[in-house]
Every structure is written in C-alpha cells, then in structure tokens.
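J.: Following this line is upload03.txt, made up of compact mmCIF, C-alpha atoms:
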# COMPACT_ATOMS: atom_id res chain seq x y z
CA MET A 1 -57.61 46.30 99.96
CA GLY A 2 -55.57 48.21 97.47
CA PHE A 3 -56.03 46.16 94.31
CA THR A 4 -59.01 45.44 92.07
CA CYS A 5 -58.65 42.18 90.14
CA LYS A 6 -60.50 40.41 87.34
CA ALA A 7 -61.15 36.68 87.64
CA ILE A 8 -60.78 35.45 84.07
CA ILE A 9 -61.26 31.91 82.80
CA GLU A 10 -57.85 30.77 81.55
CA GLN A 11 -57.10 28.64 78.51
CA GLY A 12 -57.17 24.98 79.52
CA GLN A 13 -59.55 25.33 82.47
CA ILE A 14 -62.64 24.34 80.48
CA ARG A 15 -62.86 20.56 80.06
CA VAL A 16 -65.71 20.43 77.51
CA HIS A 17 -66.88 23.20 75.22
CA PRO A 18 -69.19 24.89 75.64
CA LEU A 19 -69.24 25.74 79.34
CA THR A 20 -72.53 27.47 80.12
CA PHE A 21 -73.27 29.94 82.90
CA ASN A 22 -76.06 28.87 85.25
CA THR A 23 -76.40 31.26 88.21
CA TRP A 24 -74.65 33.47 90.75
CA VAL A 25 -74.29 32.50 94.40
CA ASP A 26 -75.89 35.72 95.63
CA THR A 27 -74.94 35.38 99.30
CA VAL A 28 -71.21 35.89 98.67
CA TRP A 29 -71.33 39.12 96.69
CA ASP A 30 -70.59 42.51 98.27
CA THR A 31 -68.71 40.75 101.05
CA TYR A 32 -65.18 39.64 101.93
CA VAL A 33 -64.73 35.91 101.24
CA GLN A 34 -62.02 33.33 101.85
CA ALA A 35 -60.07 31.51 99.15
CA GLY A 36 -62.09 28.64 97.73
CA THR A 37 -65.46 30.39 98.00
CA THR A 38 -67.93 29.40 95.27
CA PHE A 39 -69.36 32.52 93.62
CA ALA A 40 -71.10 31.10 90.52
CA LEU A 41 -72.38 27.86 89.02
CA ALA A 42 -72.04 26.62 85.45
CA TYR A 43 -72.40 23.36 83.52
CA ASP A 44 -71.17 21.54 80.44
CA ALA A 45 -72.22 18.39 78.60
CA ASN A 46 -70.75 16.26 81.42
CA GLY A 47 -72.40 18.02 84.37
CA PRO A 48 -72.16 20.91 86.84
CA CYS A 49 -69.21 23.12 87.65
CA LYS A 50 -68.49 25.55 90.50
CA LEU A 51 -66.50 28.74 89.98
CA ARG A 52 -64.36 29.44 93.06
CA LEU A 53 -62.16 32.38 93.97
CA CYS A 54 -58.47 31.33 94.37
CA GLY A 55 -57.54 33.93 96.96
CA PRO A 56 -59.38 35.87 99.62
CA GLY A 57 -61.04 39.10 98.59
CA PHE A 58 -64.08 41.32 98.44
CA LEU A 59 -66.38 40.11 95.63
CA SER A 60 -67.50 43.45 94.32
CA THR A 61 -69.03 43.27 90.86
CA LYS A 62 -70.81 40.58 88.86
CA PRO A 63 -70.11 40.64 85.13
CA LYS A 64 -73.16 40.75 82.88
CA LEU A 65 -73.56 36.99 82.56
CA GLN A 66 -77.05 35.53 82.41
CA HIS A 67 -78.33 31.98 82.59
CA GLY A 68 -77.43 30.19 79.36
CA ASP A 69 -74.53 32.48 78.37
CA PRO A 70 -71.43 30.65 77.12
CA ILE A 71 -68.20 30.88 79.12
CA ALA A 72 -65.06 30.67 77.00
CA ALA A 73 -61.39 31.20 77.76
CA GLY A 74 -60.90 34.90 78.38
CA THR A 75 -64.33 35.45 79.93
CA ILE A 76 -64.30 37.68 83.01
CA VAL A 77 -66.38 35.92 85.67
CA ALA A 78 -65.83 38.20 88.69
CA TYR A 79 -64.28 41.42 89.90
CA PHE A 80 -62.81 41.42 93.39
CA ALA A 81 -60.70 43.64 95.63
CA THR A 82 -57.83 42.28 97.68
CA ASP A 83 -54.55 43.16 99.35
CA GLY A 84 -51.35 42.71 97.34
CA GLU A 85 -50.12 39.81 99.44
CA ASP A 86 -53.38 37.93 98.79
CA ILE A 87 -53.30 38.14 94.97
CA PRO A 88 -52.81 34.60 93.61
CA TYR A 89 -49.77 35.50 91.50
CA GLY A 90 -48.76 33.06 88.79
CA ARG A 91 -52.02 31.14 88.76
CA PRO A 92 -55.65 31.73 87.74
CA TYR A 93 -57.73 34.00 89.99
CA CYS A 94 -60.55 31.46 89.94
CA ASN A 95 -60.81 27.69 89.69
CA LEU A 96 -63.40 25.59 87.92
CA VAL A 97 -64.38 22.67 90.12
CA TYR A 98 -66.23 19.99 88.20
CA ALA A 99 -68.53 17.41 89.78
CA THR A 100 -67.06 13.94 89.60
The structure in this file should be written as structure tokens.
T.:
Amino acid sequence: MGFTCKAIIEQGQIRVHPLTFNTWVDTVWDTYVQAGTTFALAYDANGPCKLRLCGPGFLSTKPKLQHGDPIAAGTIVAYFATDGEDIPYGRPYCNLVYAT
C-alpha cells in the first residue's frame, strides 16, 4: 500500500445542514477493509447516516471528531492507505449513505 489518502466530505454530499458526527465503528480501524465498509455514523435533522469508504484500504487514523461535532464540506473523516490501482479516482473517497 503505497499511498495515504484523506477521505473528505465533498460539496453536495450533505443533504441537510448541519450533519453531525455520532460515533466511530471501532471494529474496522487499524485493519484492511473492502470498498463500502462503514467506518463512522452521523445524523442530520432527517435521520441517521453511514460514512462508507469508496475503495478498499487500510483505515489507519481517525480524525479528531467527537460526538456532536459538525461535519461540513471539506471535513476530513478518515485517513487510509491503499494501492494506486485501488484509489477511487474522479469520485469522493467516502460516501454518505442516508437511511430512507
């Protein structure tokens, strides 16, 4: 794994402001995970949201987010290591998956 990447919330991913950080999914940190793995939980005025990694990688470092912290566009929500061919080029490095 030759690349360290930042998963940043992109403009347009947040459906209702503010999005608020809830908790980390502790079991997936410091391990290699597949694309689509949920690594954190958040919520907005309409309900819960899962933060999922878009590509496979080693979830290495949690940013200093605590329960109740706001998440805005530009917020780094994870650091991960991955191989060059697994970087999700041209798209966000994480997805926000809202409950329906």
J.: So which residues touch segment 15-23 of chain A within 12 Å, counting all atoms listed in the file, skipping near sequence neighbours fewer than 3 positions away, as an MDAnalysis selection string?
T.: chainID A and resid 9:12 26:27 38:51 62:73 75:77 96:99
J.: May I ask for the distance between atom CA of Thr4 of chain A and atom CA of Ala35 of chain A, given in Å to one decimal place?
T.: 15.7 Å
J.: For a quick check of your reading of the model, name the residues lying within 8 Å of the coordinate (-56.1, 43.8, 100.9), counting all atoms listed in the file, and write them as a compact mmCIF listing (two decimals) with C-alpha atoms, in the frame of the given file.
T.:
# COMPACT_ATOMS: atom_id res chain seq x y z
CA MET A 1 -57.61 46.30 99.96
CA GLY A 2 -55.57 48.21 97.47
CA PHE A 3 -56.03 46.16 94.31
CA GLY A 57 -61.04 39.10 98.59
CA ALA A 81 -60.70 43.64 95.63
CA THR A 82 -57.83 42.28 97.68
CA ASP A 83 -54.55 43.16 99.35
CA GLY A 84 -51.35 42.71 97.34
CA GLU A 85 -50.12 39.81 99.44
CA ASP A 86 -53.38 37.93 98.79
J.: Can you tell me, as JSON, the centre and edge lengths (Å, one decimal) of the axis-aligned box enclosing all of segment 36-45 of chain A's listed atoms after padding each side by 3 Å?
T.:
{"center_x": -67.2, "center_y": 25.5, "center_z": 88.3, "size_x": 16.3, "size_y": 20.1, "size_z": 25.4}
J.: Report the distance between atom CA of Pro88 of chain A and atom CA of Ser60 of chain A in Å, rounded to one decimal place.
T.: 17.2 Å
J.: Suppose you want the space between atom CA of Phe80 of chain A and atom CA of Asn95 of chain A; what is it in Å?
T.: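 Answer for the atom CA of Phe80 of chain A to atom CA of Asn95 of chain A separation: 14.4 Å.
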